[in-house]
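One file, entry_18.pdb, carrying PDB, C-alpha atoms:
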```pdb
MODEL        1
ATOM      1  CA  MET F   1       4.555  -9.008  -1.548
ATOM      2  CA  THR F   2       5.347  -9.571   2.128
ATOM      3  CA  LYS F   3       7.555 -12.531   1.307
ATOM      4  CA  ARG F   4       9.450 -10.583  -1.357
ATOM      5  CA  LEU F   5       9.930  -7.674   1.043
ATOM      6  CA  MET F   6      11.239  -9.961   3.760
ATOM      7  CA  LEU F   7      13.649 -11.652   1.342
ATOM      8  CA  GLU F   8      14.986  -8.283   0.219
ATOM      9  CA  VAL F   9      15.510  -7.122   3.805
ATOM     10  CA  ILE F  10      17.265 -10.412   4.619
ATOM     11  CA  SER F  11      19.551  -9.871   1.624
ATOM     12  CA  VAL F  12      20.440  -6.410   2.902
ATOM     13  CA  GLY F  13      21.069  -7.838   6.366
ATOM     14  CA  GLN F  14      23.316 -10.520   4.906
ATOM     15  CA  ARG F  15      25.339  -7.859   3.072
ATOM     16  CA  CYS F  16      25.727  -6.113   6.450
ATOM     17  CA  GLY F  17      27.132  -9.332   7.901
ATOM     18  CA  VAL F  18      24.022 -10.375   9.816
ATOM     19  CA  PRO F  19      23.715 -14.189   9.736
ATOM     20  CA  LEU F  20      20.141 -14.484   8.426
ATOM     21  CA  GLU F  21      18.816 -17.389   6.377
ATOM     22  CA  GLU F  22      16.100 -17.100   3.742
ATOM     23  CA  GLU F  23      14.201 -19.919   5.490
ATOM     24  CA  LEU F  24      13.439 -17.414   8.244
ATOM     25  CA  VAL F  25      10.765 -15.926   5.976
ATOM     26  CA  SER F  26       8.681 -19.115   5.965
ATOM     27  CA  VAL F  27       9.073 -19.564   9.708
ATOM     28  CA  LEU F  28       7.983 -15.999  10.469
ATOM     29  CA  LEU F  29       5.084 -16.024   8.006
ATOM     30  CA  GLU F  30       3.825 -19.277   9.496
ATOM     31  CA  ARG F  31       3.941 -17.815  12.991
ATOM     32  CA  ILE F  32       2.242 -14.590  11.942
ATOM     33  CA  MET F  33      -0.548 -16.400  10.106
ATOM     34  CA  SER F  34      -1.233 -18.573  13.157
ATOM     35  CA  LEU F  35      -1.982 -15.512  15.310
ATOM     36  CA  PRO F  36      -5.427 -14.120  14.516
ATOM     37  CA  GLY F  37      -5.948 -10.414  15.008
ATOM     38  CA  ILE F  38      -2.276  -9.473  14.705
ATOM     39  CA  TYR F  39      -1.533  -6.318  12.694
ATOM     40  CA  SER F  40       1.675  -4.550  11.783
ATOM     41  CA  SER F  41       2.806  -1.722  14.030
ATOM     42  CA  MET F  42       2.458   0.764  11.163
ATOM     43  CA  TYR F  43      -1.147  -0.325  10.634
ATOM     44  CA  VAL F  44      -1.846   0.237  14.329
ATOM     45  CA  ASP F  45      -0.107   3.621  14.173
ATOM     46  CA  ALA F  46      -2.255   4.683  11.197
ATOM     47  CA  LYS F  47      -5.466   3.542  12.888
ATOM     48  CA  GLU F  48      -4.548   5.478  16.039
ATOM     49  CA  GLY F  49      -3.574   8.644  14.157
ATOM     50  CA  ARG F  50       0.149   8.424  14.831
ATOM     51  CA  ARG F  51       2.987   8.957  12.385
ATOM     52  CA  LEU F  52       4.087   5.819  10.611
ATOM     53  CA  GLU F  53       7.463   4.471  11.712
ATOM     54  CA  ILE F  54       8.688   4.238   8.145
ATOM     55  CA  ASP F  55      12.240   5.414   8.693
ATOM     56  CA  VAL F  56      12.687   3.315  11.813
ATOM     57  CA  ILE F  57      11.389   0.117  10.206
ATOM     58  CA  LEU F  58      12.220   0.459   6.501
ATOM     59  CA  GLY F  59      14.609   3.415   6.370
ATOM     60  CA  TYR F  60      17.726   1.650   7.605
ATOM     61  CA  PRO F  61      17.521  -1.322   5.231
ATOM     62  CA  MET F  62      16.660   1.120   2.436
ATOM     63  CA  LYS F  63      19.733   3.258   3.207
ATOM     64  CA  ARG F  64      22.022   0.252   3.450
ATOM     65  CA  ALA F  65      20.681  -1.192   0.177
ATOM     66  CA  LYS F  66      21.523   2.142  -1.500
ATOM     67  CA  ASP F  67      24.988   2.110   0.106
ATOM     68  CA  PHE F  68      25.600  -1.364  -1.349
ATOM     69  CA  GLY F  69      24.029  -0.545  -4.721
ATOM     70  CA  MET F  70      21.491  -3.322  -4.212
ATOM     71  CA  ASP F  71      18.305  -3.624  -6.226
ATOM     72  CA  VAL F  72      15.432  -3.841  -3.729
ATOM     73  CA  PRO F  73      12.327  -3.011  -5.789
ATOM     74  CA  THR F  74       9.740  -4.167  -3.262
ATOM     75  CA  LEU F  75      11.394  -2.338  -0.380
ATOM     76  CA  ALA F  76      11.847   0.803  -2.492
ATOM     77  CA  ALA F  77       8.224   0.785  -3.674
ATOM     78  CA  LEU F  78       6.798   0.184  -0.214
ATOM     79  CA  TYR F  79       9.063   2.837   1.313
ATOM     80  CA  ALA F  80       7.981   5.436  -1.274
ATOM     81  CA  LEU F  81       4.291   4.558  -1.007
ATOM     82  CA  LEU F  82       4.245   4.677   2.780
ATOM     83  CA  LYS F  83       6.103   8.009   2.817
ATOM     84  CA  ALA F  84       3.470   9.415   0.428
ATOM     85  CA  ILE F  85       0.597   8.015   2.504
ATOM     86  CA  ASP F  86       2.053   9.409   5.716
ATOM     87  CA  GLY F  87       2.462  12.793   4.048
ATOM     88  CA  ARG F  88      -1.098  12.779   2.722
ATOM     89  CA  LEU F  89      -2.403  11.976   6.167
ATOM     90  CA  GLY F  90      -0.799  15.230   7.295
ATOM     91  CA  ARG F  91       1.661  13.779   9.699
TER      92      ARG F  91
ENDMDL
END
```

Go ahead and render the structure in this file as structure tokens.
Amino acid sequence: MTKRLMLEVISVGQRCGVPLEEELVSVLLERIMSLPGIYSSMYVDAKEGRRLEIDVILGYPMKRAKDFGMDVPTLAALYALLKAIDGRLGR
């Protein structure tokens, strides 16, 4: 799922004119997996009782994908799920 999400966000970035290559996904995943004890910032926010940074992290690529009429099912699903989770947590 992470790889699919990253590929979708790269596609959105490419449509915005950002020179990103799909190979970046493998490079970043390799780096992340080599660092034990590393968690996403939204995970840390949830653990510490803070609001999730959904709109800051996923909102912009989601908006741009809509603007371009792009199909980003993984991004859309994760965005919706995280918004619901954040709402249920009362934040």

Quiz prompt | Who sits within 12 Å of Met62 in chain F, all atoms listed in the file, same chain under 5 positions skipped, as a PyMOL selection string | solution = chain F and resi 5+8-13+54-57+67-80

Practice problem: Report the distance between CA of Val44 in chain F and CA of Leu28 in chain F in Å, rounded to one decimal place. | Solution: 19.4 Å

Self-check item: Atomic separation - CA of Met6 in chain F relative to CA of Lys83 in chain F, Å
Solution: 18.7 Å

Quiz item: Between CA of Pro19 in chain F and CA of Arg64 in chain F, what is the distance, to one decimal in Å?
Solution: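 Those two atoms sit 15.8 Å apart.
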
Suppose a student applies the PyMOL selection byres ((chain F and resi 53) around 10) to this structure; what residues should they get, written as a PDB file with C-alpha atoms, in the frame of the given file?
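Listed below is the output, part_13.pdb:
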```pdb
ATOM      1  CA  SER F  41       2.806  -1.722  14.030  1.00  0.00           C
ATOM      2  CA  MET F  42       2.458   0.764  11.163  1.00  0.00           C
ATOM      3  CA  TYR F  43      -1.147  -0.325  10.634  1.00  0.00           C
ATOM      4  CA  ASP F  45      -0.107   3.621  14.173  1.00  0.00           C
ATOM      5  CA  ALA F  46      -2.255   4.683  11.197  1.00  0.00           C
ATOM      6  CA  ARG F  50       0.149   8.424  14.831  1.00  0.00           C
ATOM      7  CA  ARG F  51       2.987   8.957  12.385  1.00  0.00           C
ATOM      8  CA  LEU F  52       4.087   5.819  10.611  1.00  0.00           C
ATOM      9  CA  ILE F  54       8.688   4.238   8.145  1.00  0.00           C
ATOM     10  CA  ASP F  55      12.240   5.414   8.693  1.00  0.00           C
ATOM     11  CA  VAL F  56      12.687   3.315  11.813  1.00  0.00           C
ATOM     12  CA  ILE F  57      11.389   0.117  10.206  1.00  0.00           C
ATOM     13  CA  LEU F  58      12.220   0.459   6.501  1.00  0.00           C
ATOM     14  CA  GLY F  59      14.609   3.415   6.370  1.00  0.00           C
ATOM     15  CA  LEU F  82       4.245   4.677   2.780  1.00  0.00           C
ATOM     16  CA  LYS F  83       6.103   8.009   2.817  1.00  0.00           C
ATOM     17  CA  ASP F  86       2.053   9.409   5.716  1.00  0.00           C
TER      18      ASP F  86
END
```

Is there a way to complete range 36-49 of chain F with N, CA and C atoms and then write that out as a short mmCIF file (atom, residue, chain, number, x, y, z; two decimals), in the frame of the given file?
```cif
data_model
loop_
_atom_site.label_atom_id
_atom_site.label_comp_id
_atom_site.auth_asym_id
_atom_site.auth_seq_id
_atom_site.Cartn_x
_atom_site.Cartn_y
_atom_site.Cartn_z
N PRO F 36 -4.34 -14.95 15.03
CA PRO F 36 -5.43 -14.12 14.52
C PRO F 36 -5.45 -12.75 15.20
N GLY F 37 -5.81 -11.74 14.44
CA GLY F 37 -5.95 -10.41 15.01
C GLY F 37 -4.65 -9.66 15.19
N ILE F 38 -3.57 -10.14 14.60
CA ILE F 38 -2.28 -9.47 14.70
C ILE F 38 -2.11 -8.55 13.50
N TYR F 39 -1.74 -7.30 13.76
CA TYR F 39 -1.53 -6.32 12.69
C TYR F 39 -0.14 -5.72 12.82
N SER F 40 0.36 -5.18 11.74
CA SER F 40 1.68 -4.55 11.78
C SER F 40 1.61 -3.29 12.65
N SER F 41 2.76 -2.91 13.18
CA SER F 41 2.81 -1.72 14.03
C SER F 41 2.45 -0.46 13.24
N MET F 42 2.81 -0.41 11.96
CA MET F 42 2.46 0.76 11.16
C MET F 42 0.96 0.83 10.92
N TYR F 43 0.31 -0.31 10.78
CA TYR F 43 -1.15 -0.32 10.63
C TYR F 43 -1.80 0.23 11.91
N VAL F 44 -1.32 -0.23 13.04
CA VAL F 44 -1.85 0.24 14.33
C VAL F 44 -1.59 1.74 14.48
N ASP F 45 -0.40 2.19 14.10
CA ASP F 45 -0.11 3.62 14.17
C ASP F 45 -1.09 4.42 13.32
N ALA F 46 -1.33 3.98 12.10
CA ALA F 46 -2.26 4.68 11.20
C ALA F 46 -3.66 4.73 11.78
N LYS F 47 -4.12 3.60 12.30
CA LYS F 47 -5.47 3.54 12.89
C LYS F 47 -5.60 4.47 14.09
N GLU F 48 -4.51 4.66 14.83
CA GLU F 48 -4.55 5.48 16.04
C GLU F 48 -4.09 6.91 15.80
N GLY F 49 -3.91 7.27 14.51
CA GLY F 49 -3.57 8.64 14.16
C GLY F 49 -2.14 9.07 14.43
#
```
